[in-house]
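query.pdb (PDB, C-alpha atoms, pLDDT in the B column)
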```pdb
MODEL        1
ATOM      1  CA  LYS F   1      -0.176 -16.051  -7.824  1.00 84.00           C
ATOM      2  CA  GLN F   2       0.515 -14.671  -4.367  1.00 89.00           C
ATOM      3  CA  GLU F   3      -2.554 -14.218  -2.188  1.00 92.00           C
ATOM      4  CA  VAL F   4      -2.590 -12.427   1.152  1.00 95.00           C
ATOM      5  CA  THR F   5      -5.340 -12.982   3.686  1.00 96.00           C
ATOM      6  CA  GLN F   6      -6.023 -11.083   6.879  1.00 96.00           C
ATOM      7  CA  ILE F   7      -8.198 -12.430   9.661  1.00 92.00           C
ATOM      8  CA  PRO F   8     -10.298 -11.121  11.265  1.00 91.00           C
ATOM      9  CA  ALA F   9     -11.753  -8.526   8.901  1.00 94.00           C
ATOM     10  CA  ALA F  10     -12.866  -6.442  11.881  1.00 96.00           C
ATOM     11  CA  LEU F  11     -12.001  -6.411  15.558  1.00 95.00           C
ATOM     12  CA  SER F  12     -13.392  -4.401  18.465  1.00 97.00           C
ATOM     13  CA  VAL F  13     -11.606  -4.396  21.816  1.00 96.00           C
ATOM     14  CA  PRO F  14     -11.666  -2.372  25.042  1.00 97.00           C
ATOM     15  CA  GLU F  15      -8.860   0.042  25.727  1.00 97.00           C
ATOM     16  CA  GLY F  16      -5.813  -1.486  27.375  1.00 97.00           C
ATOM     17  CA  GLU F  17      -6.111  -4.909  25.808  1.00 96.00           C
ATOM     18  CA  ASN F  18      -3.190  -6.622  24.090  1.00 97.00           C
ATOM     19  CA  LEU F  19      -4.193  -7.875  20.658  1.00 95.00           C
ATOM     20  CA  VAL F  20      -2.902  -9.833  17.678  1.00 96.00           C
ATOM     21  CA  LEU F  21      -3.685  -9.257  14.019  1.00 97.00           C
ATOM     22  CA  ASN F  22      -3.012 -12.068  11.585  1.00 97.00           C
ATOM     23  CA  CYS F  23      -1.708 -12.114   8.030  1.00 98.00           C
ATOM     24  CA  SER F  24      -1.157 -15.203   5.882  1.00 97.00           C
ATOM     25  CA  PHE F  25       0.334 -15.516   2.405  1.00 96.00           C
ATOM     26  CA  THR F  26       0.302 -18.407  -0.036  1.00 95.00           C
ATOM     27  CA  ASP F  27       3.801 -18.198  -1.569  1.00 90.00           C
ATOM     28  CA  SER F  28       6.610 -18.290   0.982  1.00 88.00           C
ATOM     29  CA  ALA F  29       9.171 -16.925  -1.510  1.00 86.00           C
ATOM     30  CA  ILE F  30       8.872 -13.349  -0.321  1.00 89.00           C
ATOM     31  CA  TYR F  31      11.457 -10.569  -0.130  1.00 87.00           C
ATOM     32  CA  ASN F  32       9.877  -8.686   2.732  1.00 89.00           C
ATOM     33  CA  LEU F  33       6.593  -8.056   4.498  1.00 93.00           C
ATOM     34  CA  GLN F  34       5.218  -4.699   5.605  1.00 93.00           C
ATOM     35  CA  TRP F  35       2.487  -3.726   7.991  1.00 96.00           C
ATOM     36  CA  PHE F  36       0.623  -0.501   7.275  1.00 95.00           C
ATOM     37  CA  ARG F  37      -1.964   1.572   9.069  1.00 97.00           C
ATOM     38  CA  GLN F  38      -4.733   3.393   7.191  1.00 96.00           C
ATOM     39  CA  ASP F  39      -6.973   5.947   8.842  1.00 95.00           C
ATOM     40  CA  PRO F  40     -10.390   6.657   7.240  1.00 90.00           C
ATOM     41  CA  GLY F  41     -10.041   8.761   4.090  1.00 87.00           C
ATOM     42  CA  LYS F  42      -6.251   8.805   4.368  1.00 89.00           C
ATOM     43  CA  GLY F  43      -3.257   7.173   2.776  1.00 91.00           C
ATOM     44  CA  LEU F  44      -1.226   4.298   4.173  1.00 93.00           C
ATOM     45  CA  THR F  45       1.464   4.751   6.798  1.00 93.00           C
ATOM     46  CA  SER F  46       4.187   2.144   7.074  1.00 91.00           C
ATOM     47  CA  LEU F  47       4.470   0.690  10.590  1.00 95.00           C
ATOM     48  CA  LEU F  48       7.011  -2.100  10.328  1.00 94.00           C
ATOM     49  CA  LEU F  49       8.997  -3.807   7.585  1.00 90.00           C
ATOM     50  CA  ILE F  50      10.400  -7.313   8.087  1.00 91.00           C
ATOM     51  CA  GLN F  51      13.002  -8.630   5.691  1.00 87.00           C
ATOM     52  CA  SER F  52      12.671 -12.274   4.679  1.00 88.00           C
ATOM     53  CA  SER F  53      15.750 -13.166   6.752  1.00 89.00           C
ATOM     54  CA  GLN F  54      14.302 -11.619   9.926  1.00 91.00           C
ATOM     55  CA  ARG F  55      11.920 -13.138  12.452  1.00 94.00           C
ATOM     56  CA  GLU F  56      10.488  -9.989  14.011  1.00 95.00           C
ATOM     57  CA  GLN F  57      10.590  -6.220  14.213  1.00 94.00           C
ATOM     58  CA  THR F  58       9.547  -3.946  17.047  1.00 96.00           C
ATOM     59  CA  SER F  59       8.519  -0.309  17.209  1.00 94.00           C
ATOM     60  CA  GLY F  60       7.160   1.019  20.469  1.00 96.00           C
ATOM     61  CA  ARG F  61       4.028  -0.940  21.384  1.00 97.00           C
ATOM     62  CA  LEU F  62       4.063  -2.779  18.060  1.00 97.00           C
ATOM     63  CA  ASN F  63       5.761  -6.082  17.363  1.00 97.00           C
ATOM     64  CA  ALA F  64       5.563  -7.901  14.059  1.00 97.00           C
ATOM     65  CA  SER F  65       6.709 -11.466  13.560  1.00 97.00           C
ATOM     66  CA  LEU F  66       7.329 -13.428  10.389  1.00 97.00           C
ATOM     67  CA  ASP F  67       7.262 -17.184   9.822  1.00 96.00           C
ATOM     68  CA  LYS F  68       8.059 -17.645   6.155  1.00 92.00           C
ATOM     69  CA  SER F  69       7.825 -21.435   6.178  1.00 92.00           C
ATOM     70  CA  SER F  70       4.231 -21.364   7.384  1.00 95.00           C
ATOM     71  CA  GLY F  71       3.331 -18.255   5.379  1.00 96.00           C
ATOM     72  CA  ARG F  72       2.274 -16.216   8.388  1.00 97.00           C
ATOM     73  CA  SER F  73       2.892 -12.891  10.049  1.00 97.00           C
ATOM     74  CA  THR F  74       1.354 -11.417  13.172  1.00 97.00           C
ATOM     75  CA  LEU F  75       1.145  -7.840  14.383  1.00 97.00           C
ATOM     76  CA  TYR F  76       1.025  -7.587  18.171  1.00 97.00           C
ATOM     77  CA  ILE F  77      -0.282  -4.355  19.681  1.00 97.00           C
ATOM     78  CA  ALA F  78       0.353  -3.949  23.394  1.00 97.00           C
ATOM     79  CA  ALA F  79      -1.874  -1.917  25.707  1.00 97.00           C
ATOM     80  CA  SER F  80      -4.194  -0.755  22.946  1.00 97.00           C
ATOM     81  CA  GLN F  81      -5.458   2.840  22.897  1.00 97.00           C
ATOM     82  CA  PRO F  82      -8.419   4.523  21.142  1.00 97.00           C
ATOM     83  CA  GLY F  83      -5.879   6.231  18.892  1.00 97.00           C
ATOM     84  CA  ASP F  84      -4.915   2.808  17.535  1.00 97.00           C
ATOM     85  CA  SER F  85      -8.309   2.573  15.851  1.00 97.00           C
ATOM     86  CA  ALA F  86      -7.641   2.220  12.114  1.00 97.00           C
ATOM     87  CA  THR F  87      -7.409  -0.386   9.379  1.00 97.00           C
ATOM     88  CA  TYR F  88      -4.217  -2.431   9.448  1.00 98.00           C
ATOM     89  CA  LEU F  89      -2.937  -3.919   6.202  1.00 97.00           C
ATOM     90  CA  CYS F  90      -0.119  -6.299   5.523  1.00 96.00           C
ATOM     91  CA  ALA F  91       1.655  -6.528   2.193  1.00 94.00           C
ATOM     92  CA  VAL F  92       4.314  -8.859   0.837  1.00 92.00           C
ATOM     93  CA  LYS F  93       6.944  -8.057  -1.719  1.00 88.00           C
ATOM     94  CA  GLU F  94       7.840 -10.924  -4.013  1.00 80.00           C
ATOM     95  CA  THR F  95      11.437 -11.915  -4.403  1.00 67.00           C
ATOM     96  CA  SER F  96      11.532 -11.589  -8.138  1.00 48.00           C
ATOM     97  CA  GLY F  97      10.015  -8.141  -8.614  1.00 53.00           C
ATOM     98  CA  SER F  98       9.004  -4.887  -7.081  1.00 62.00           C
ATOM     99  CA  ARG F  99       5.296  -5.410  -6.626  1.00 74.00           C
ATOM    100  CA  LEU F 100       3.494  -5.449  -3.301  1.00 84.00           C
ATOM    101  CA  THR F 101       0.547  -7.776  -2.787  1.00 89.00           C
ATOM    102  CA  PHE F 102      -1.847  -6.490  -0.145  1.00 93.00           C
ATOM    103  CA  GLY F 103      -4.321  -8.151   2.145  1.00 94.00           C
ATOM    104  CA  GLU F 104      -7.714  -6.529   2.560  1.00 93.00           C
ATOM    105  CA  GLY F 105      -6.952  -5.386   6.051  1.00 95.00           C
ATOM    106  CA  THR F 106      -8.293  -5.707   9.579  1.00 97.00           C
ATOM    107  CA  GLN F 107     -10.457  -2.834  10.800  1.00 96.00           C
ATOM    108  CA  LEU F 108      -9.580  -2.273  14.448  1.00 97.00           C
ATOM    109  CA  THR F 109     -11.748  -0.321  16.892  1.00 97.00           C
ATOM    110  CA  VAL F 110     -10.418   0.339  20.390  1.00 97.00           C
ATOM    111  CA  ASN F 111     -13.203   1.465  22.701  1.00 96.00           C
ATOM    112  CA  PRO F 112     -12.479   3.865  25.597  1.00 95.00           C
TER     113      PRO F 112
ATOM    114  CA  ASN B   1      10.170  17.010   3.116  1.00 75.00           C
ATOM    115  CA  ALA B   2       6.616  17.034   1.765  1.00 81.00           C
ATOM    116  CA  GLY B   3       6.837  13.276   1.146  1.00 92.00           C
ATOM    117  CA  VAL B   4       4.471  11.967  -1.514  1.00 95.00           C
ATOM    118  CA  THR B   5       1.904  14.458  -2.770  1.00 96.00           C
ATOM    119  CA  GLN B   6      -1.097  13.789  -4.981  1.00 97.00           C
ATOM    120  CA  THR B   7      -3.459  16.117  -6.810  1.00 97.00           C
ATOM    121  CA  PRO B   8      -6.361  16.483  -7.068  1.00 97.00           C
ATOM    122  CA  LYS B   9      -7.848  15.138  -3.831  1.00 96.00           C
ATOM    123  CA  PHE B  10     -11.204  14.512  -5.451  1.00 97.00           C
ATOM    124  CA  GLN B  11     -12.444  14.480  -9.049  1.00 97.00           C
ATOM    125  CA  VAL B  12     -15.703  13.773 -10.827  1.00 97.00           C
ATOM    126  CA  LEU B  13     -15.542  12.768 -14.483  1.00 97.00           C
ATOM    127  CA  LYS B  14     -18.062  11.845 -17.116  1.00 97.00           C
ATOM    128  CA  THR B  15     -17.658   8.620 -19.051  1.00 97.00           C
ATOM    129  CA  GLY B  16     -15.222   9.113 -21.918  1.00 97.00           C
ATOM    130  CA  GLN B  17     -13.392  12.079 -20.428  1.00 97.00           C
ATOM    131  CA  SER B  18      -9.661  11.974 -19.902  1.00 96.00           C
ATOM    132  CA  MET B  19      -7.615  13.269 -17.025  1.00 96.00           C
ATOM    133  CA  THR B  20      -4.227  13.036 -15.359  1.00 98.00           C
ATOM    134  CA  LEU B  21      -3.667  12.242 -11.702  1.00 98.00           C
ATOM    135  CA  GLN B  22      -0.517  13.889 -10.469  1.00 98.00           C
ATOM    136  CA  CYS B  23       2.016  12.350  -8.099  1.00 98.00           C
ATOM    137  CA  ALA B  24       5.258  13.838  -6.882  1.00 97.00           C
ATOM    138  CA  GLN B  25       7.838  12.901  -4.255  1.00 96.00           C
ATOM    139  CA  ASP B  26      10.771  14.883  -2.903  1.00 93.00           C
ATOM    140  CA  MET B  27      12.707  12.031  -1.292  1.00 90.00           C
ATOM    141  CA  ASN B  28      14.769  11.130  -4.377  1.00 88.00           C
ATOM    142  CA  HIS B  29      13.121   7.716  -4.483  1.00 88.00           C
ATOM    143  CA  GLU B  30      13.774   5.582  -7.532  1.00 86.00           C
ATOM    144  CA  TYR B  31      10.717   3.374  -7.266  1.00 87.00           C
ATOM    145  CA  MET B  32       7.222   4.785  -7.743  1.00 90.00           C
ATOM    146  CA  SER B  33       3.906   3.060  -8.216  1.00 92.00           C
ATOM    147  CA  TRP B  34       0.172   3.580  -8.582  1.00 96.00           C
ATOM    148  CA  TYR B  35      -2.462   1.522  -6.786  1.00 95.00           C
ATOM    149  CA  ARG B  36      -6.209   1.588  -6.776  1.00 97.00           C
ATOM    150  CA  GLN B  37      -8.208   0.650  -3.699  1.00 95.00           C
ATOM    151  CA  ASP B  38     -11.686  -0.799  -4.024  1.00 94.00           C
ATOM    152  CA  PRO B  39     -13.981  -2.332  -1.381  1.00 87.00           C
ATOM    153  CA  GLY B  40     -13.601  -6.095  -1.320  1.00 83.00           C
ATOM    154  CA  MET B  41     -10.629  -5.981  -3.703  1.00 84.00           C
ATOM    155  CA  GLY B  42      -7.973  -4.387  -1.550  1.00 86.00           C
ATOM    156  CA  LEU B  43      -5.115  -2.441  -3.117  1.00 92.00           C
ATOM    157  CA  ARG B  44      -4.107  -3.458  -6.623  1.00 93.00           C
ATOM    158  CA  LEU B  45      -1.035  -2.340  -8.523  1.00 92.00           C
ATOM    159  CA  ILE B  46      -1.738  -0.439 -11.756  1.00 95.00           C
ATOM    160  CA  HIS B  47       1.703   0.623 -13.027  1.00 94.00           C
ATOM    161  CA  TYR B  48       5.123   1.087 -11.528  1.00 91.00           C
ATOM    162  CA  SER B  49       8.493   2.596 -12.349  1.00 90.00           C
ATOM    163  CA  VAL B  50      11.966   1.647 -11.116  1.00 85.00           C
ATOM    164  CA  GLY B  51      13.538   4.865 -12.329  1.00 87.00           C
ATOM    165  CA  ALA B  52      13.236   7.779 -14.730  1.00 91.00           C
ATOM    166  CA  GLY B  53      12.399   6.590 -18.216  1.00 93.00           C
ATOM    167  CA  ILE B  54      11.384   3.091 -17.062  1.00 91.00           C
ATOM    168  CA  THR B  55       7.793   1.974 -16.489  1.00 93.00           C
ATOM    169  CA  ASP B  56       6.042  -1.366 -16.336  1.00 90.00           C
ATOM    170  CA  GLN B  57       2.563  -2.770 -15.952  1.00 92.00           C
ATOM    171  CA  GLY B  58       1.111  -4.024 -12.727  1.00 90.00           C
ATOM    172  CA  GLU B  59      -1.902  -6.177 -12.043  1.00 89.00           C
ATOM    173  CA  VAL B  60      -4.628  -3.928 -13.531  1.00 94.00           C
ATOM    174  CA  PRO B  61      -3.039  -1.657 -16.189  1.00 96.00           C
ATOM    175  CA  ASN B  62      -5.845  -1.511 -18.764  1.00 96.00           C
ATOM    176  CA  GLY B  63      -7.234   1.976 -19.326  1.00 96.00           C
ATOM    177  CA  TYR B  64      -4.263   3.714 -17.712  1.00 97.00           C
ATOM    178  CA  ASN B  65      -1.016   5.172 -19.037  1.00 97.00           C
ATOM    179  CA  VAL B  66       2.045   6.373 -17.141  1.00 97.00           C
ATOM    180  CA  SER B  67       5.322   8.067 -17.906  1.00 96.00           C
ATOM    181  CA  ARG B  68       8.382   8.868 -15.805  1.00 96.00           C
ATOM    182  CA  SER B  69      10.346  11.741 -17.292  1.00 96.00           C
ATOM    183  CA  THR B  70      11.855  12.826 -13.963  1.00 96.00           C
ATOM    184  CA  THR B  71      12.707  11.079 -10.694  1.00 93.00           C
ATOM    185  CA  GLU B  72      10.185  13.258  -8.835  1.00 95.00           C
ATOM    186  CA  ASP B  73       7.020  12.910 -10.915  1.00 97.00           C
ATOM    187  CA  PHE B  74       4.908   9.927 -11.923  1.00 97.00           C
ATOM    188  CA  PRO B  75       1.570  11.000 -13.461  1.00 98.00           C
ATOM    189  CA  LEU B  76      -1.235   8.539 -14.155  1.00 98.00           C
ATOM    190  CA  ARG B  77      -3.390   9.199 -17.199  1.00 98.00           C
ATOM    191  CA  LEU B  78      -6.903   7.936 -17.751  1.00 96.00           C
ATOM    192  CA  LEU B  79      -7.426   7.970 -21.503  1.00 92.00           C
ATOM    193  CA  SER B  80     -11.217   7.485 -21.637  1.00 96.00           C
ATOM    194  CA  ALA B  81     -12.756   7.227 -18.196  1.00 96.00           C
ATOM    195  CA  ALA B  82     -15.217   4.433 -17.452  1.00 97.00           C
ATOM    196  CA  PRO B  83     -17.464   3.905 -14.395  1.00 97.00           C
ATOM    197  CA  SER B  84     -15.334   0.859 -13.520  1.00 96.00           C
ATOM    198  CA  GLN B  85     -12.463   3.264 -12.841  1.00 97.00           C
ATOM    199  CA  THR B  86     -14.338   4.834  -9.931  1.00 97.00           C
ATOM    200  CA  SER B  87     -11.929   4.217  -7.088  1.00 97.00           C
ATOM    201  CA  VAL B  88      -9.425   5.702  -4.695  1.00 97.00           C
ATOM    202  CA  TYR B  89      -5.993   6.012  -6.273  1.00 98.00           C
ATOM    203  CA  PHE B  90      -2.781   5.964  -4.267  1.00 97.00           C
ATOM    204  CA  CYS B  91       0.705   6.793  -5.388  1.00 96.00           C
ATOM    205  CA  ALA B  92       3.643   5.283  -3.480  1.00 93.00           C
ATOM    206  CA  SER B  93       7.418   5.567  -3.587  1.00 91.00           C
ATOM    207  CA  SER B  94      10.476   3.923  -2.099  1.00 86.00           C
ATOM    208  CA  TYR B  95      14.167   3.495  -2.656  1.00 77.00           C
ATOM    209  CA  SER B  96      15.148   0.731  -5.040  1.00 64.00           C
ATOM    210  CA  ILE B  97      15.728  -2.881  -4.158  1.00 56.00           C
ATOM    211  CA  SER B  98      19.471  -2.365  -4.378  1.00 53.00           C
ATOM    212  CA  SER B  99      19.589   0.348  -1.739  1.00 48.00           C
ATOM    213  CA  GLY B 100      19.779  -2.075   1.160  1.00 47.00           C
ATOM    214  CA  VAL B 101      17.931  -2.914   4.349  1.00 45.00           C
ATOM    215  CA  GLY B 102      15.168  -0.487   5.215  1.00 45.00           C
ATOM    216  CA  GLY B 103      15.349   1.152   1.848  1.00 52.00           C
ATOM    217  CA  GLU B 104      12.202  -0.460   0.602  1.00 73.00           C
ATOM    218  CA  THR B 105       9.728   1.036   3.024  1.00 80.00           C
ATOM    219  CA  GLN B 106       6.849   2.243   0.895  1.00 84.00           C
ATOM    220  CA  TYR B 107       5.614   5.810   1.419  1.00 90.00           C
ATOM    221  CA  PHE B 108       2.085   6.532   0.293  1.00 93.00           C
ATOM    222  CA  GLY B 109       0.395   9.726  -0.779  1.00 95.00           C
ATOM    223  CA  PRO B 110      -2.989  10.814   0.651  1.00 95.00           C
ATOM    224  CA  GLY B 111      -4.952   9.490  -2.321  1.00 96.00           C
ATOM    225  CA  THR B 112      -7.218  10.812  -5.069  1.00 97.00           C
ATOM    226  CA  ARG B 113     -10.901   9.899  -4.953  1.00 97.00           C
ATOM    227  CA  LEU B 114     -12.255   9.536  -8.480  1.00 97.00           C
ATOM    228  CA  LEU B 115     -15.909   9.225  -9.404  1.00 97.00           C
ATOM    229  CA  VAL B 116     -16.797   8.426 -13.001  1.00 97.00           C
ATOM    230  CA  LEU B 117     -20.429   8.982 -13.923  1.00 97.00           C
TER     231      LEU B 117
ENDMDL
END
```
Show me, as structure tokens, the structure contained in the file I just sent.
Amino acid sequence: KQEVTQIPAALSVPEGENLVLNCSFTDSAIYNLQWFRQDPGKGLTSLLLIQSSQREQTSGRLNASLDKSSGRSTLYIAASQPGDSATYLCAVKETSGSRLTFGEGTQLTVNP
Amino acid sequence: NAGVTQTPKFQVLKTGQSMTLQCAQDMNHEYMSWYRQDPGMGLRLIHYSVGAGITDQGEVPNGYNVSRSTTEDFPLRLLSAAPSQTSVYFCASSYSISSGVGGETQYFGPGTRLLVL
């Protein structure tokens, strides 16, 4: 059974810092991996999707990398801003089906 | 586009009551799914559908029914609510696996907060 782990569970940084969020998964046979953002009391917003054949994806200040063989993905946030404060979740889609398996998320606080 | 919409936003039920959580999307997505989010458990898949008339069970289907009569709508029914079903419920949609690169980005609704007393 696929398991997704995100470390750390919570992170607090000063504004302007570059930071890395980690995601690990136990079964490397994945179809794709997505990073989401969730604001308090809100739904999930997709940030980046990496196909299993890709190594990284970039969108603005966000860069996500994927190392399937080691079962790891990282989300790099450059020059963090207070507006980046949210919970960040990663999810993997298994090759054989349509389900997403989610990690529990990293709660990020960027202090002004 | 309204994206994925869910109603109601919040609901309180008594044990044993039934209700339907509504989900609709206007993006012509084939794939729709229901998740519940609980502290310490993350998001767990309840049921999903790969197209109209086709549904399947996810990780935690017990106590829930779904149907998919149209591409747009995917309601979730609680047959006899239990306190263990207190949770936040999210509906999501995406294009199908066969639609190619980028087509599988999942779009989530704003959620329904359910409290079962």
If we count all atoms listed in the file and set the cut-off at 6 Å, which residues sit around stretch 70-77 of chain B, ignoring sequence neighbours fewer than 5 positions away in its own chain? Please answer as an MDAnalysis selection string. chainID B and resid 19:25 52 64:65
Evaluate the ChimeraX specification (/B :<12) & /F on the structure here and hand back the selected residues as a VMD selection string. chain F and resid 1 to 6 9 31 to 54 57 87 to 106
Which of these residues is nearest to F:Ala10, using all atoms listed in the file: F:Gln107, F:Ser80, F:Ser69, F:Ser24? F:Gln107
Do you know which residues the PyMOL selection byres ((chain B and resi 14) around 12) returns on this file, as an mmCIF file with C-alpha atoms, keeping the file's coordinate frame?
```
data_model
loop_
_atom_site.group_PDB
_atom_site.id
_atom_site.type_symbol
_atom_site.label_atom_id
_atom_site.label_comp_id
_atom_site.auth_asym_id
_atom_site.auth_seq_id
_atom_site.Cartn_x
_atom_site.Cartn_y
_atom_site.Cartn_z
ATOM 1 C CA GLN B 11 -12.444 14.480 -9.049
ATOM 2 C CA VAL B 12 -15.703 13.773 -10.827
ATOM 3 C CA LEU B 13 -15.542 12.768 -14.483
ATOM 4 C CA THR B 15 -17.658 8.620 -19.051
ATOM 5 C CA GLY B 16 -15.222 9.113 -21.918
ATOM 6 C CA GLN B 17 -13.392 12.079 -20.428
ATOM 7 C CA SER B 18 -9.661 11.974 -19.902
ATOM 8 C CA MET B 19 -7.615 13.269 -17.025
ATOM 9 C CA LEU B 78 -6.903 7.936 -17.751
ATOM 10 C CA SER B 80 -11.217 7.485 -21.637
ATOM 11 C CA ALA B 81 -12.756 7.227 -18.196
ATOM 12 C CA ALA B 82 -15.217 4.433 -17.452
ATOM 13 C CA PRO B 83 -17.464 3.905 -14.395
ATOM 14 C CA SER B 84 -15.334 0.859 -13.520
ATOM 15 C CA GLN B 85 -12.463 3.264 -12.841
ATOM 16 C CA THR B 86 -14.338 4.834 -9.931
ATOM 17 C CA LEU B 114 -12.255 9.536 -8.480
ATOM 18 C CA LEU B 115 -15.909 9.225 -9.404
ATOM 19 C CA VAL B 116 -16.797 8.426 -13.001
ATOM 20 C CA LEU B 117 -20.429 8.982 -13.923
#
```
Kindly give the distance, in Å, that separates atom CA of F:Cys23 and atom CA of F:Ser73, rounded to a single decimal.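 Separation of atom CA of F:Cys23 and atom CA of F:Ser73: 5.1 Å.
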Distance of atom CA of F:Ile7 from atom CA of F:Asp67, expressed in Å to one decimal place: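 Separating atom CA of F:Asp67 from atom CA of F:Ile7 is a distance of 16.2 Å.
From atom CA of F:Pro82 back to atom CA of B:Ser93, the distance works out to 29.4 Å.
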Counting only C-alpha atoms, find residues at most 6 Å from (-15.2, 2.2, 24.2) (file frame) and give them as a ChimeraX atom specification. /F:14,111-112
Taking 3 positions as the minimum chain separation for residues in the same chain, which residues sit within 9 Å of B:Asp26 when counting all atoms listed in the file? Answer as a ChimeraX atom specification. /B:1-5,29,71-72
Go ahead and save the residues from that selection, with C-alpha atoms, as a PDB file, in the frame of the given file.
```pdb
ATOM      1  CA  ASN B   1      10.170  17.010   3.116  1.00 75.00           C
ATOM      2  CA  ALA B   2       6.616  17.034   1.765  1.00 81.00           C
ATOM      3  CA  GLY B   3       6.837  13.276   1.146  1.00 92.00           C
ATOM      4  CA  VAL B   4       4.471  11.967  -1.514  1.00 95.00           C
ATOM      5  CA  THR B   5       1.904  14.458  -2.770  1.00 96.00           C
ATOM      6  CA  HIS B  29      13.121   7.716  -4.483  1.00 88.00           C
ATOM      7  CA  THR B  71      12.707  11.079 -10.694  1.00 93.00           C
ATOM      8  CA  GLU B  72      10.185  13.258  -8.835  1.00 95.00           C
TER       9      GLU B  72
END
```
Since I can't run it myself right now, could you work out what the PyMOL selection byres ((chain F and resi 84) around 8) selects here and report it as a short mmCIF file (atom, residue, chain, number, x, y, z; two decimals) with C-alpha atoms, in the coordinates of the input?
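Okay, expr-v5.cif is ready:
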```
data_model
loop_
_atom_site.label_atom_id
_atom_site.label_comp_id
_atom_site.auth_asym_id
_atom_site.auth_seq_id
_atom_site.Cartn_x
_atom_site.Cartn_y
_atom_site.Cartn_z
CA SER F 80 -4.19 -0.76 22.95
CA GLN F 81 -5.46 2.84 22.90
CA PRO F 82 -8.42 4.52 21.14
CA GLY F 83 -5.88 6.23 18.89
CA SER F 85 -8.31 2.57 15.85
CA ALA F 86 -7.64 2.22 12.11
CA LEU F 108 -9.58 -2.27 14.45
CA THR F 109 -11.75 -0.32 16.89
CA VAL F 110 -10.42 0.34 20.39
#
```
